[in-house]
Each structure stands twice: as C-alpha cells, then as structure tokens.
Amino acid sequence: MLSREEADRRLARLGVEHEAIETSLLALQDHAGRRLLEGAELIGVTAERWTAAEEELASLWACFEDWGKRLEDARAVRARRRFPEPEELAELAELLEERPGGAPGTTGPRGAADAREAPEPADAAGASGGWAAAVERLNAGYARVLDVVVAADAVWSALPARIDLLAAELRRLTGLARSVGVRPGAHPAGDDLARVTDELAALRAEVLMDPLAFWRRAEGSSTPGAGRPDTERYDRAARLIEDIRREVDAVIAVRRDSEERLTRLRDVLSRADRTLAEARTARGEVLARIAASEVPAVTGPASALRAELTAAAEYRRDAQWHRLSPLLDSLEERAERELERARESLTAVTAPLAIRAELRGRLDAYRARAERSGANADPELARHYDTARRMLWSAPCDLRAAERAVTRYRLAATERAAGTGEAPREPDPSRGSGEAGAGE
C-alpha cells in the first residue's frame, strides 16, 4: 500500500519532471530551425524526415497532455483530505504507477540513436505503461525531433551564407574576366566560370530545400544534432573559382606585358639573324684566307620562330590570351636558344681567324725578344722570321704550316739568345706588335 508520505514525494517529483518536459517541448516548438522547416519547401531526405518528425512532435504533445491530465487527476485525489483514506491511497497508487517497462510501441533510450533516422510516432495511449515509460518515451521522441531540427538549422546557418559570399566573389570575377576577353567559348576559364556559376546556383537551391542531404552526423555520438555540415561541393567550387582567379590574373598580366614581350622577342630574333649573317660573311672570308681548315656551315635564320612570332601578334590582336601566354613562354625560351646558337656558330666559323691572329701575335712577340737579346741580326734567324711572316700575312694561309714556321723561329731565336748569354722567357702573345691581325 502506498503511504501518504510516499505519494506526496512521488507527486512532487513527477510535477518537476512534467514541468521540465513541458519546458523542453516549448523550446523545441519555438526553435528557429523548426519554424524554418515548417515554412520551407522541402524535398528528398529532409522532406521524409521532417514529415516523420512532425508526426512525432504531435504525438509527443498528445502523450504529454495525456500524462498531464493524469497528473492533475492524482493531484485532485490528494487534495481531498489531509490524511487520505485507504481507498484514496489505492487510487493514487494506480494513477502514479511507475512500472519500469516501456509502453507498447515505444522506443527505449538504447534505440534512440538508431530511431532518429526513421522516427516512429509516439503512442498517445502509452499511459498504460506507467510514468517511467512515459518519461522515457517523451525523452526519446524529443531527441529524435531535436536531431532533425538542429541538423537542418546548422546546415542553413552555415552553407547559404558562405555560398552567397562565394557567389558575390564569382560575380566580381566574372565581370573582370569578361573585361579581358575571358568568356565561355573563347577561353577555357570562361567555360569554367559558366559551369561553376550554375553549380553554385544549384547547390544553394539544394541546400535550402534539402539541408539534411548536406549533414554528416558524428560517428558514435547519440547527442541530438552531433555532426557537421558537408561542405565538399562548396569546397570544390571554391577551389575551382580560385583556379579561375589565378588564370584571369595571368591573362591580365599577359595583356599588360605582351607588347613589351613581343618587342623583346623581335629584338632577340633580329640579333640572332644579324649574328648568323655575320657568321656567313665571316665564313666566306675564312674560306678565302685560310687554307687546310675545316669551316662549319652556317644555317639560315629560324623561319619557324618568325612564323610563330607572327601568330603571337595575331593572338594579341584577337585577345586570345589563353593561346598567347603559353606561346610567348615557349618563344622566349627558344629565341634565347636561337641567339646562343648563332653566337656559337659565329665563334666556330671565326676560330681559324682567331688562331691566325694568335700566331701573328706570337711571332711578333718572339721577334721583339730576339731584338732585345741581339740575336735578330743573324741571317738564318731573319730567314725563319720572313718565312713565318709571309705565311701568316698571305692568303690563303695554311695554319698548320704557319704554326710550324712560328715554332721554328722561336726555337732558332732561343738558340741564338743562349749563345749571347741571355735565355729569353716565353713571350706573352697578348703583348705582340700592333701588326697582329692588321694584314690579310
């Protein structure tokens, strides 16, 4: 038999629980996310889960009101007398029954997390299960509805605003891109702009109508609303916009610097052509003046580079910046290589003339040393000098024979100098007489 004191304690505790549940349900009813869901045009998984959640919420209120009425009945029985009669205590015991088992058709705490995916309507007749089952049922249903409301509200609070900011940046970028000729069909970045514009518009519409499709629940958590918005599509669009921005910046840089770069390219190719022309002229001179020497052939100017330079100028005139930029990069590299090739060709062609000039300088330097030692008066030494000089200052010049003649003169001058007591040092060819290179 339930005692008076126990009945009073149970009434007080159940009153507190009833008030707490009422507060939670009213807060859920007033939740901004619930109001948004109630007035939104929903599709997909959000429409399915919100329909079930609305039924759940209505059933929760029905269950709450049923138990509220039962609590009021118990309070009325207790208010009849200060010291209730046995039959009144029996009535209170029936009204305040707290059997631990759940009511038929209800969901216990352990199943609450799984039930959130497909919430079941509360059993308004669950009073027969006792107060414990009612509280358990109300708490589990509340958690399921709150999970839907919090998740949708979190997605709506996070993604639309970020999408709008990204769309504003996209509009600015689109205007800038069009100003430099980056348009769909005319530039790959223009096609990307059109595609990402459509993607952002579609993403925003989907987020507004189906927010739960963009919600990722935290694994292993049963807390209502535990998770985060799925920003994968947003992040992918943001990365594409950043790539487009870099491409537009590159186009702007190309447009700004293209004329200067084209002028520089023309200058480099002109210098290469002049160097090759000089090499061809020098080759003719070498062939006429130097005998028994291999002179490499000189190739013609780089006509292919000239044609590509003309194409680059046309790209600039037609604002085809996506074609101009890589072509300029390639042309600059190859034009420098062409100039270097022309210089190497000139160096290779004129090498025999440089050798002849070096031999002339060495011969004059040896003669100056011989004069200082007094050995130059020797007729034999003078004959060696005349022979070497005649070879070096006549055309065509046999470099191999001339080098041997210069060597003979040096050896003879060394022997004569040794006979006079002065051994001449090896002369520095760079300090030869001014006649070096002045003849043929």
# chains A, B, ... in the order shown; residues from 1 in each chain; ligands from 1
>>> select_by_dssp(residues="segment 292-433 of chain A", states="alpha helix (DSSP H)", output="JSON, numbers by chain")
{"A": [303, 304, 305, 306, 307, 308, 309, 310, 311, 312, 313, 314, 315, 316, 317, 321, 322, 323, 324, 325, 326, 327, 328, 329, 330, 331, 332, 333, 334, 335, 336, 337, 338, 339, 340, 341, 342, 343, 344, 345, 346, 347, 348, 349, 351, 352, 353, 354, 355, 356, 357, 358, 359, 360, 361, 362, 363, 364, 365, 366, 367, 368, 369, 370, 371, 372, 373, 379, 380, 381, 382, 383, 384, 385, 386, 387, 388, 389, 390, 391, 392, 399, 400, 401, 402, 403, 404, 405, 406, 407, 408, 409, 410, 411, 412, 413, 414, 415, 416, 417, 418, 419]}
>>> residues_around(residues="Glu17 of chain A", least_positions_apart="6", cutoff="10 Å", atoms="only C-alpha atoms", output="PyMOL selection string")
chain A and resi 11+23+135
>>> write_last_selection(atoms="N, CA, C and O atoms", output="mmCIF file, in the first residue's frame")
data_model
loop_
_atom_site.group_PDB
_atom_site.id
_atom_site.type_symbol
_atom_site.label_atom_id
_atom_site.label_comp_id
_atom_site.auth_asym_id
_atom_site.auth_seq_id
_atom_site.Cartn_x
_atom_site.Cartn_y
_atom_site.Cartn_z
ATOM 1 N N LEU A 11 4.347 12.633 -6.150
ATOM 2 C CA LEU A 11 3.659 13.750 -6.826
ATOM 3 C C LEU A 11 4.608 14.930 -7.075
ATOM 4 O O LEU A 11 4.596 15.544 -8.148
ATOM 5 N N THR A 23 8.875 22.427 -20.592
ATOM 6 C CA THR A 23 9.834 23.461 -20.983
ATOM 7 C C THR A 23 10.596 23.044 -22.242
ATOM 8 O O THR A 23 10.806 23.843 -23.172
ATOM 9 N N VAL A 135 7.952 9.015 -19.464
ATOM 10 C CA VAL A 135 9.106 9.929 -19.455
ATOM 11 C C VAL A 135 10.158 9.457 -20.451
ATOM 12 O O VAL A 135 10.751 10.234 -21.208
#
>>> residues_around(residues="Arg283 of chain A", least_positions_apart="5", cutoff="9 Å", atoms="only C-alpha atoms", output="PDB file with C-alpha atoms, in the first residue's frame")
ATOM      1  CA  GLU A 278      77.867  37.950 -89.755  1.00  0.00           C
ATOM      2  CA  ALA A 288      89.202  32.813 -98.847  1.00  0.00           C
ATOM      3  CA  VAL A 295      84.965  25.627 -91.533  1.00  0.00           C
ATOM      4  CA  PRO A 296      81.454  24.586 -90.350  1.00  0.00           C
ATOM      5  CA  ALA A 297      78.424  25.534 -92.425  1.00  0.00           C
ATOM      6  CA  VAL A 298      76.116  28.299 -91.168  1.00  0.00           C
ATOM      7  CA  LEU A 346      79.977  32.780 -85.346  1.00  0.00           C
ATOM      8  CA  VAL A 349      83.380  29.998 -88.065  1.00  0.00           C
ATOM      9  CA  THR A 350      85.866  32.659 -86.985  1.00  0.00           C
TER      10      THR A 350
END
>>> residues_around(residues="His384 of chain A", least_positions_apart="6", cutoff="12 Å", atoms="only C-alpha atoms", output="ChimeraX atom specification")
/A:363,366-367,376,378,390-391,402,404-413
>>> residues_around(residues="Ser3 of chain A", least_positions_apart="6", cutoff="12 Å", atoms="only C-alpha atoms", output="list of chain:residue names")
A:Arg9, A:Arg10, A:Arg78, A:Phe83, A:Pro84, A:Glu85, A:Pro86, A:Glu87, A:Glu88, A:Leu89, A:Ala90, A:Glu91, A:Leu92, A:Ala93
>>> write_last_selection(atoms="all heavy atoms", output="tab-separated table (two decimals), in the first residue's frame")
chain	number	residue	atom	x	y	z
A	9	ARG	N	5.79	12.55	-2.05
A	9	ARG	CA	7.11	12.64	-2.69
A	9	ARG	C	7.00	12.34	-4.19
A	9	ARG	O	7.61	13.03	-5.03
A	9	ARG	CB	8.08	11.67	-2.03
A	9	ARG	CG	8.55	12.11	-0.64
A	9	ARG	CD	9.76	11.32	-0.20
A	9	ARG	NE	9.49	9.89	-0.14
A	9	ARG	CZ	9.04	9.26	0.96
A	9	ARG	NH1	8.79	9.97	2.06
A	9	ARG	NH2	8.81	7.96	0.94
A	10	ARG	N	6.21	11.32	-4.53
A	10	ARG	CA	6.09	10.95	-5.93
A	10	ARG	C	5.37	12.05	-6.72
A	10	ARG	O	5.77	12.37	-7.86
A	10	ARG	CB	5.33	9.63	-6.05
A	10	ARG	CG	5.39	9.02	-7.44
A	10	ARG	CD	4.78	7.62	-7.45
A	10	ARG	NE	5.53	6.69	-6.63
A	10	ARG	CZ	5.20	5.41	-6.46
A	10	ARG	NH1	4.12	4.93	-7.06
A	10	ARG	NH2	5.91	4.62	-5.70
A	78	ARG	N	-5.42	13.72	-4.20
A	78	ARG	CA	-4.62	14.02	-2.99
A	78	ARG	C	-5.15	15.23	-2.26
A	78	ARG	O	-5.02	15.36	-1.03
A	78	ARG	CB	-3.14	14.25	-3.38
A	78	ARG	CG	-2.25	14.60	-2.21
A	78	ARG	CD	-2.17	13.42	-1.24
A	78	ARG	NE	-1.44	13.76	-0.04
A	78	ARG	CZ	-1.95	14.31	1.05
A	78	ARG	NH1	-3.27	14.61	1.09
A	78	ARG	NH2	-1.21	14.55	2.11
A	83	PHE	N	-5.31	13.71	5.30
A	83	PHE	CA	-4.90	12.33	5.55
A	83	PHE	C	-5.82	11.44	4.72
A	83	PHE	O	-6.97	11.18	5.12
A	83	PHE	CB	-5.00	11.97	7.04
A	83	PHE	CG	-4.09	12.81	7.89
A	83	PHE	CD1	-4.59	13.91	8.59
A	83	PHE	CD2	-2.74	12.48	7.99
A	83	PHE	CE1	-3.74	14.68	9.37
A	83	PHE	CE2	-1.91	13.27	8.78
A	83	PHE	CZ	-2.38	14.37	9.47
A	84	PRO	N	-5.39	11.03	3.51
A	84	PRO	CA	-6.27	10.27	2.61
A	84	PRO	C	-6.65	8.92	3.18
A	84	PRO	O	-5.92	8.31	3.97
A	84	PRO	CB	-5.42	10.11	1.35
A	84	PRO	CG	-4.01	10.29	1.79
A	84	PRO	CD	-4.05	11.22	2.95
A	85	GLU	N	-7.86	8.47	2.79
A	85	GLU	CA	-8.36	7.17	3.19
A	85	GLU	C	-7.65	6.08	2.39
A	85	GLU	O	-7.03	6.35	1.34
A	85	GLU	CB	-9.86	7.10	2.91
A	85	GLU	CG	-10.68	8.09	3.71
A	85	GLU	CD	-10.65	7.78	5.20
A	85	GLU	OE1	-10.44	6.60	5.56
A	85	GLU	OE2	-10.81	8.72	5.99
A	86	PRO	N	-7.73	4.83	2.84
A	86	PRO	CA	-7.07	3.73	2.11
A	86	PRO	C	-7.51	3.62	0.66
A	86	PRO	O	-6.69	3.36	-0.23
A	86	PRO	CB	-7.45	2.49	2.92
A	86	PRO	CG	-7.67	3.00	4.31
A	86	PRO	CD	-8.29	4.36	4.14
A	87	GLU	N	-8.84	3.81	0.39
A	87	GLU	CA	-9.28	3.72	-0.99
A	87	GLU	C	-8.69	4.85	-1.85
A	87	GLU	O	-8.41	4.68	-3.04
A	87	GLU	CB	-10.81	3.71	-1.09
A	87	GLU	CG	-11.49	4.94	-0.54
A	87	GLU	CD	-11.76	4.81	0.96
A	87	GLU	OE1	-11.20	3.86	1.58
A	87	GLU	OE2	-12.52	5.62	1.48
A	88	GLU	N	-8.47	6.03	-1.24
A	88	GLU	CA	-7.84	7.14	-1.96
A	88	GLU	C	-6.36	6.86	-2.23
A	88	GLU	O	-5.82	7.20	-3.29
A	88	GLU	CB	-8.02	8.43	-1.18
A	88	GLU	CG	-9.48	8.87	-1.11
A	88	GLU	CD	-9.68	10.05	-0.16
A	88	GLU	OE1	-8.86	10.21	0.76
A	88	GLU	OE2	-10.65	10.81	-0.36
A	89	LEU	N	-5.69	6.25	-1.26
A	89	LEU	CA	-4.28	5.87	-1.47
A	89	LEU	C	-4.17	4.83	-2.58
A	89	LEU	O	-3.21	4.83	-3.38
A	89	LEU	CB	-3.68	5.34	-0.16
A	89	LEU	CG	-3.43	6.39	0.94
A	89	LEU	CD1	-2.96	5.72	2.22
A	89	LEU	CD2	-2.40	7.41	0.47
A	90	ALA	N	-5.15	3.91	-2.63
A	90	ALA	CA	-5.13	2.90	-3.70
A	90	ALA	C	-5.31	3.57	-5.06
A	90	ALA	O	-4.67	3.20	-6.06
A	90	ALA	CB	-6.22	1.87	-3.46
A	91	GLU	N	-6.23	4.58	-5.11
A	91	GLU	CA	-6.43	5.31	-6.37
A	91	GLU	C	-5.18	6.07	-6.78
A	91	GLU	O	-4.81	6.11	-7.96
A	91	GLU	CB	-7.63	6.26	-6.21
A	91	GLU	CG	-8.04	6.91	-7.51
A	91	GLU	CD	-9.27	7.81	-7.33
A	91	GLU	OE1	-9.83	7.87	-6.23
A	91	GLU	OE2	-9.64	8.45	-8.34
A	92	LEU	N	-4.51	6.68	-5.79
A	92	LEU	CA	-3.26	7.38	-6.08
A	92	LEU	C	-2.19	6.41	-6.59
A	92	LEU	O	-1.41	6.73	-7.52
A	92	LEU	CB	-2.76	8.11	-4.83
A	92	LEU	CG	-3.44	9.43	-4.48
A	92	LEU	CD1	-2.93	9.94	-3.13
A	92	LEU	CD2	-3.16	10.46	-5.56
A	93	ALA	N	-2.13	5.24	-5.99
A	93	ALA	CA	-1.14	4.25	-6.41
A	93	ALA	C	-1.35	3.87	-7.86
A	93	ALA	O	-0.40	3.69	-8.63
A	93	ALA	CB	-1.21	3.03	-5.51
>>> closest_residue(among="A:Asp191, A:Glu415, A:Ala226, A:Leu265", to="Glu380 of chain A", atoms="only C-alpha atoms")
A:Glu415
>>> residues_around(residues="segment 322-336 of chain A", least_positions_apart="4", cutoff="12 Å", atoms="only C-alpha atoms", output="JSON, numbers by chain")
{"A": [180, 181, 182, 183, 185, 186, 187, 188, 189, 190, 247, 248, 249, 250, 251, 252, 253, 254, 255, 256, 257, 258, 259, 260, 261, 262, 263, 264, 265, 266, 267, 268, 269, 270, 271, 272, 273, 301, 302, 303, 304, 305, 306, 307, 308, 309, 310, 311, 312, 313, 314, 315, 316, 317, 318, 340, 341, 342, 343]}
>>> closest_residue(among="A:Thr197, A:Ser373, A:Thr223, A:Thr299", to="Leu240 of chain A", atoms="only C-alpha atoms")
A:Thr197
>>> select_by_dssp(residues="segment 227-348 of chain A", states="strand (DSSP E)", output="list in words")
Gly227, Arg228, Pro229, Ile290 and Ala291 of chain A
>>> closest_residue(among="A:Leu37, A:Cys397, A:Ala74, A:Leu57", to="Ala151 of chain A", atoms="only C-alpha atoms")
A:Leu37
>>> decode(residues="segment 193-219 of chain A", atoms="N, CA, C and O atoms", output="mmCIF file, in the first residue's frame")
data_model
loop_
_atom_site.group_PDB
_atom_site.id
_atom_site.type_symbol
_atom_site.label_atom_id
_atom_site.label_comp_id
_atom_site.auth_asym_id
_atom_site.auth_seq_id
_atom_site.Cartn_x
_atom_site.Cartn_y
_atom_site.Cartn_z
ATOM 1 N N LEU A 193 33.956 29.289 -65.653
ATOM 2 C CA LEU A 193 33.130 30.279 -64.954
ATOM 3 C C LEU A 193 31.646 29.968 -65.119
ATOM 4 O O LEU A 193 30.871 30.026 -64.150
ATOM 5 N N ALA A 194 31.234 29.649 -66.336
ATOM 6 C CA ALA A 194 29.824 29.332 -66.567
ATOM 7 C C ALA A 194 29.419 28.086 -65.790
ATOM 8 O O ALA A 194 28.333 28.038 -65.185
ATOM 9 N N ARG A 195 30.300 27.093 -65.775
ATOM 10 C CA ARG A 195 29.972 25.843 -65.090
ATOM 11 C C ARG A 195 29.856 26.043 -63.579
ATOM 12 O O ARG A 195 28.917 25.554 -62.937
ATOM 13 N N VAL A 196 30.806 26.774 -62.978
ATOM 14 C CA VAL A 196 30.772 26.948 -61.526
ATOM 15 C C VAL A 196 29.633 27.884 -61.116
ATOM 16 O O VAL A 196 29.089 27.768 -60.013
ATOM 17 N N THR A 197 29.231 28.807 -61.999
ATOM 18 C CA THR A 197 28.069 29.663 -61.712
ATOM 19 C C THR A 197 26.799 28.816 -61.599
ATOM 20 O O THR A 197 26.001 28.968 -60.663
ATOM 21 N N ASP A 198 26.625 27.911 -62.552
ATOM 22 C CA ASP A 198 25.459 27.011 -62.498
ATOM 23 C C ASP A 198 25.535 26.102 -61.274
ATOM 24 O O ASP A 198 24.514 25.835 -60.619
ATOM 25 N N GLU A 199 26.719 25.628 -60.953
ATOM 26 C CA GLU A 199 26.883 24.721 -59.816
ATOM 27 C C GLU A 199 26.533 25.417 -58.501
ATOM 28 O O GLU A 199 25.855 24.839 -57.642
ATOM 29 N N LEU A 200 26.966 26.659 -58.333
ATOM 30 C CA LEU A 200 26.649 27.381 -57.088
ATOM 31 C C LEU A 200 25.150 27.636 -56.961
ATOM 32 O O LEU A 200 24.587 27.521 -55.869
ATOM 33 N N ALA A 201 24.506 27.997 -58.076
ATOM 34 C CA ALA A 201 23.062 28.231 -58.028
ATOM 35 C C ALA A 201 22.323 26.938 -57.653
ATOM 36 O O ALA A 201 21.403 26.949 -56.817
ATOM 37 N N ALA A 202 22.740 25.823 -58.268
ATOM 38 C CA ALA A 202 22.101 24.543 -57.956
ATOM 39 C C ALA A 202 22.378 24.129 -56.515
ATOM 40 O O ALA A 202 21.485 23.629 -55.814
ATOM 41 N N LEU A 203 23.600 24.358 -56.055
ATOM 42 C CA LEU A 203 23.964 23.988 -54.686
ATOM 43 C C LEU A 203 23.135 24.762 -53.674
ATOM 44 O O LEU A 203 22.629 24.189 -52.699
ATOM 45 N N ARG A 204 22.957 26.050 -53.902
ATOM 46 C CA ARG A 204 22.182 26.868 -52.963
ATOM 47 C C ARG A 204 20.733 26.399 -52.909
ATOM 48 O O ARG A 204 20.127 26.291 -51.821
ATOM 49 N N ALA A 205 20.149 26.108 -54.069
ATOM 50 C CA ALA A 205 18.760 25.642 -54.097
ATOM 51 C C ALA A 205 18.618 24.311 -53.365
ATOM 52 O O ALA A 205 17.664 24.109 -52.604
ATOM 53 N N GLU A 206 19.570 23.401 -53.567
ATOM 54 C CA GLU A 206 19.504 22.100 -52.907
ATOM 55 C C GLU A 206 19.676 22.235 -51.396
ATOM 56 O O GLU A 206 19.013 21.539 -50.617
ATOM 57 N N VAL A 207 20.584 23.117 -50.973
ATOM 58 C CA VAL A 207 20.794 23.314 -49.538
ATOM 59 C C VAL A 207 19.537 23.853 -48.879
ATOM 60 O O VAL A 207 19.165 23.440 -47.772
ATOM 61 N N LEU A 208 18.841 24.773 -49.543
ATOM 62 C CA LEU A 208 17.636 25.359 -48.959
ATOM 63 C C LEU A 208 16.487 24.353 -48.895
ATOM 64 O O LEU A 208 15.693 24.369 -47.946
ATOM 65 N N MET A 209 16.394 23.472 -49.889
ATOM 66 C CA MET A 209 15.249 22.555 -49.926
ATOM 67 C C MET A 209 15.533 21.195 -49.297
ATOM 68 O O MET A 209 14.598 20.500 -48.898
ATOM 69 N N ASP A 210 16.798 20.822 -49.218
ATOM 70 C CA ASP A 210 17.141 19.510 -48.656
ATOM 71 C C ASP A 210 18.396 19.624 -47.783
ATOM 72 O O ASP A 210 19.437 19.033 -48.086
ATOM 73 N N PRO A 211 18.332 20.380 -46.675
ATOM 74 C CA PRO A 211 19.539 20.606 -45.864
ATOM 75 C C PRO A 211 20.118 19.322 -45.274
ATOM 76 O O PRO A 211 21.329 19.203 -45.123
ATOM 77 N N LEU A 212 19.263 18.353 -44.932
ATOM 78 C CA LEU A 212 19.780 17.145 -44.285
ATOM 79 C C LEU A 212 20.618 16.295 -45.237
ATOM 80 O O LEU A 212 21.367 15.424 -44.791
ATOM 81 N N ALA A 213 20.499 16.548 -46.552
ATOM 82 C CA ALA A 213 21.369 15.854 -47.502
ATOM 83 C C ALA A 213 22.808 16.348 -47.384
ATOM 84 O O ALA A 213 23.728 15.708 -47.896
ATOM 85 N N PHE A 214 22.999 17.486 -46.697
ATOM 86 C CA PHE A 214 24.333 18.062 -46.525
ATOM 87 C C PHE A 214 24.768 17.999 -45.059
ATOM 88 O O PHE A 214 25.543 18.841 -44.599
ATOM 89 N N TRP A 215 24.267 17.009 -44.355
ATOM 90 C CA TRP A 215 24.618 16.862 -42.934
ATOM 91 C C TRP A 215 25.353 15.550 -42.716
ATOM 92 O O TRP A 215 24.940 14.503 -43.208
ATOM 93 N N ARG A 216 26.470 15.622 -42.019
ATOM 94 C CA ARG A 216 27.253 14.435 -41.694
ATOM 95 C C ARG A 216 27.267 14.257 -40.187
ATOM 96 O O ARG A 216 27.870 15.066 -39.458
ATOM 97 N N ARG A 217 26.541 13.228 -39.717
ATOM 98 C CA ARG A 217 26.445 13.001 -38.278
ATOM 99 C C ARG A 217 27.778 12.499 -37.729
ATOM 100 O O ARG A 217 28.503 11.745 -38.387
ATOM 101 N N ALA A 218 28.097 12.931 -36.528
ATOM 102 C CA ALA A 218 29.315 12.473 -35.862
ATOM 103 C C ALA A 218 29.167 10.994 -35.521
ATOM 104 O O ALA A 218 28.177 10.592 -34.892
ATOM 105 N N GLU A 219 30.111 10.204 -35.943
ATOM 106 C CA GLU A 219 30.044 8.759 -35.697
ATOM 107 C C GLU A 219 30.197 8.460 -34.211
ATOM 108 O O GLU A 219 31.038 9.047 -33.527
#
